[in-house]
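Asker: Pasting a structure here, questions to come.
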Amino acid sequence: MNAVRLLSPTTPVHATIPLASSKSESNRALILDALTGFQCDLQNLSTARDTQTMIRLLKSPESTADVLDAGTTMRFLTAYFAVSGQQKTMTGTPRMCERPIGILVDALRTLGADITYLKNDGYPPLQLNGFEASGQNQLSIRGDVSSQYISALLMIAPHLPQGLTLTLTGPIGSRPYIEMTMAQMTYFGADVQADWEQRTITVVAKPYTPKPYQIESDWSGASYWYSVVALSGDEQTEIELLGLKPQSLQGDSAIVTIMRSMGVDSVFTDRGVTLTKRPAERSLTWDFTDCPDLAQTVAVCAAVNGVALTLTGIESLKIKETDRVLALQTELRKIGAELVEVEPNHRYEVRPLANPGSLPVPVIATYDDHRMAMAFAPVAMQREIVIEEPGVVAKSYPSFWDDMARVVPVEPIDEAASHRA
């Protein structure tokens, strides 16, 4: 199967979705568990490919750690393997080897890691050659490139002889993900304190305490169902999402507030959250600095529903699984809209095309990016759409198409076979 066709629903939509568990929480919990010597009882771990890759590599005796396309896994494991003195070659897909890691490597070298680049400076593949603590316990690191660098350093900090104080320079992106890391570290016994005014985070040298931990459902995955409800033409549409909490560690829980403006009400229960329709606003301005993974979903939803959307804080999308800004600009045109850069590398607007005409059934390219596939799938609530390479969802939400089939017809397409015929 190399494409799926999604058709609009023919009956009222009432569905209960057993969401995938959080990849972000799972990946952090796995590193913290490893730093306790694998003594924790982790429950409801994500089945996402990124997390399963992390699980496999953490205990693999092999000298090469191939993270595939998992950016979080690359960054977290590089820090973990470095501080634990393991000899590892870190590599991944060709795209993974185009994603920068120099800021993290420079920080780890300052702390005492022996790391060499095997091809291009600043990028994987890397060779980890051991660790000898330098005695350095203060670092400055940019806050606007990737919060994963910061989280990777924070999680290993209790194992450094003198702990660590991080000073964050420039704007701080994805702060909720840093706070998620700190909260999980604290749960496992770390002494970690942030002074956001002084832009410092201090971690005391202190071993983690093994404890059981339950992973929450994934708010990033929930965002696609918010879009499904927002794009539904049936006022009676109702979707229940299981396993979500109103007080979440996940920054992408911001989707509750964003989608209220886009026409979705959220009611929390002891099972999760129930989504229903409400009147939508005609315009929305949102800074995605703290929740960049929501930008594609919200942009597509706004384009289809005719909401005038202004986006800021999406600069980091250019170094994700693909250049997500460029991918959105290309694919939105297929559904009658465009993403316009109105202030270079800062402010963007979703606008309807001047002359969309009679557009054909959109065939959406996914660029090896799970979020491109899932962000465009809810368009089916209003029109037929084809999504290429649907298997990319395995990265974070392997059951996504099975769950989508609860609300719209989903038909596999073998495009190669159709071309041969």
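The chains in the structure tokens are called A, B, ... from first to last as shown; in each chain the residues are counted from 1, and the ligands are counted from 1 in the order shown.
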Env of Val145 (chain A): 10 Å cut, atoms = only C-alpha atoms, seq-sep filter 4 positions within chain, self excluded. Answer as a list in words.
Answerer: Pro100, Ile103, Ile141, Tyr149, Ile150, Gly170, Pro171, Ile172, Gly173, Ser174, Glu315, Ser316 and Ile319 of chain A
Asker: Mind checking which residues fall within 12 Å of region 67-70 of chain A, counting only C-alpha atoms, ignoring those fewer than 5 positions away in the same chain, and posting them as an MDAnalysis selection string?
Answerer: chainID A and resid 23:24 27 48:58 75:78 88:99 124:126 148 320:322 368:370 392 394:396
Asker: Write the residues of the preceding selection, restricted to C-alpha atoms, as a CSV table (one decimal), in the first residue's frame.
Answerer:
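Below is the file that was written, selection.csv:
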chain,number,residue,atom,x,y,z
A,23,LYS,CA,6.0,9.6,22.4
A,24,SER,CA,7.6,12.6,24.1
A,27,ASN,CA,11.2,8.8,25.3
A,48,ALA,CA,5.5,4.7,17.9
A,49,ARG,CA,8.5,3.7,15.8
A,50,ASP,CA,10.7,6.4,17.5
A,51,THR,CA,10.0,5.0,20.9
A,52,GLN,CA,10.4,1.4,19.8
A,53,THR,CA,13.8,2.4,18.3
A,54,MET,CA,14.8,3.9,21.6
A,55,ILE,CA,13.9,0.8,23.5
A,56,ARG,CA,15.9,-1.4,21.1
A,57,LEU,CA,19.0,0.7,21.0
A,58,LEU,CA,19.2,1.4,24.8
A,75,ARG,CA,19.8,13.6,20.6
A,76,PHE,CA,18.8,11.8,23.8
A,77,LEU,CA,20.8,8.7,23.1
A,78,THR,CA,23.9,10.8,22.1
A,88,LYS,CA,29.0,4.0,19.9
A,89,THR,CA,28.6,5.2,16.3
A,90,MET,CA,25.5,7.3,16.0
A,91,THR,CA,23.8,7.4,12.6
A,92,GLY,CA,20.4,7.5,10.9
A,93,THR,CA,18.6,8.0,7.6
A,94,PRO,CA,20.1,10.4,5.0
A,95,ARG,CA,17.6,13.1,6.2
A,96,MET,CA,18.7,12.4,9.8
A,97,CYS,CA,22.3,13.0,8.8
A,98,GLU,CA,21.3,16.4,7.4
A,99,ARG,CA,19.8,17.6,10.7
A,124,PRO,CA,25.6,12.8,12.2
A,125,PRO,CA,27.1,10.3,11.8
A,126,LEU,CA,29.1,10.6,15.1
A,148,GLN,CA,15.7,18.5,22.7
A,320,LYS,CA,12.3,18.7,11.2
A,321,GLU,CA,11.7,15.4,9.3
A,322,THR,CA,11.4,17.6,6.2
A,368,ASP,CA,8.7,11.0,4.8
A,369,ASP,CA,6.9,13.1,7.5
A,370,HIS,CA,4.3,11.6,9.7
A,392,VAL,CA,4.9,7.3,7.6
A,394,ALA,CA,4.3,4.6,12.2
A,395,LYS,CA,6.8,7.1,13.5
A,396,SER,CA,4.4,8.4,16.1
Asker: Write down as a ChimeraX atom specification the residues belonging to region 229-400 of chain A that are assigned alpha helix (DSSP H) by DSSP computed on the backbone.
Answerer: /A:229-231,255-262,295-305,324-332,370-376,400
Asker: One number please: CA of Ala365 (chain A) to CA of Glu331 (chain A), in Å, one decimal.
Answerer: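 Straight-line distance from CA of Ala365 (chain A) to CA of Glu331 (chain A) works out to 7.2 Å.
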Asker: Residues at most 6 Å from region 112-120 of chain A, counting only C-alpha atoms, excluding those fewer than 6 positions away in the same chain, as a ChimeraX atom specification?
Answerer: /A:82,126-134
Asker: Need the shell around Leu242 (chain A): protein/DNA/RNA residues with any atom at most 12 Å away, counting only C-alpha atoms. Skip same-chain ones fewer than 6 positions apart. Format as a ChimeraX atom specification?
Answerer: /A:15-21,216-219,221-222,225,267-275
Asker: Write out as a count of residues only each polymer residue whose atoms come within 12 Å of region 197-203 of chain A, counting only C-alpha atoms; drop sequence neighbours fewer than 2 positions from it.
Answerer: 47
Asker: So which residues touch Cys291 (chain A) within 12 Å, counting only C-alpha atoms, skipping near sequence neighbours fewer than 3 positions away, as a PyMOL selection string?
Answerer: chain A and resi 146-147+172-178+219-220+223+250-255+258+286-288+294-298+311-317
Asker: I want to know what sits within 12 Å of Val408 (chain A), based on only C-alpha atoms, with residues of the same chain fewer than 4 positions away left out; could you give that as a VMD selection string?
Answerer: chain A and resid 4 to 15 228 232 377 to 385 401 to 404
Asker: Would you put the residues from that selection into a file with C-alpha atoms, as an mmCIF file, in the first residue's frame?
Answerer:
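The resulting out_31.cif:
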data_model
loop_
_atom_site.group_PDB
_atom_site.id
_atom_site.type_symbol
_atom_site.label_atom_id
_atom_site.label_comp_id
_atom_site.auth_asym_id
_atom_site.auth_seq_id
_atom_site.Cartn_x
_atom_site.Cartn_y
_atom_site.Cartn_z
ATOM 1 C CA VAL A 4 -4.831 5.812 0.847
ATOM 2 C CA ARG A 5 -8.007 7.447 -0.426
ATOM 3 C CA LEU A 6 -10.194 9.040 2.222
ATOM 4 C CA LEU A 7 -13.836 9.749 1.421
ATOM 5 C CA SER A 8 -16.217 12.049 3.251
ATOM 6 C CA PRO A 9 -18.402 10.457 5.939
ATOM 7 C CA THR A 10 -21.858 9.313 4.904
ATOM 8 C CA THR A 11 -23.262 8.942 8.427
ATOM 9 C CA PRO A 12 -23.093 11.118 11.563
ATOM 10 C CA VAL A 13 -19.728 10.952 13.283
ATOM 11 C CA HIS A 14 -19.770 9.625 16.838
ATOM 12 C CA ALA A 15 -16.528 7.869 17.761
ATOM 13 C CA VAL A 228 -11.716 16.254 12.287
ATOM 14 C CA SER A 232 -17.089 18.288 10.121
ATOM 15 C CA ALA A 377 -6.179 13.491 6.572
ATOM 16 C CA PRO A 378 -9.028 15.465 8.273
ATOM 17 C CA VAL A 379 -9.648 17.286 4.961
ATOM 18 C CA ALA A 380 -11.713 14.172 4.160
ATOM 19 C CA MET A 381 -14.462 15.501 6.408
ATOM 20 C CA GLN A 382 -15.292 17.888 3.535
ATOM 21 C CA ARG A 383 -13.893 16.312 0.364
ATOM 22 C CA GLU A 384 -12.150 13.270 -1.048
ATOM 23 C CA ILE A 385 -8.389 13.288 -0.565
ATOM 24 C CA TRP A 401 -5.442 4.876 9.744
ATOM 25 C CA ASP A 402 -7.363 2.257 11.702
ATOM 26 C CA ASP A 403 -8.656 5.030 13.918
ATOM 27 C CA MET A 404 -9.504 7.259 10.928
#
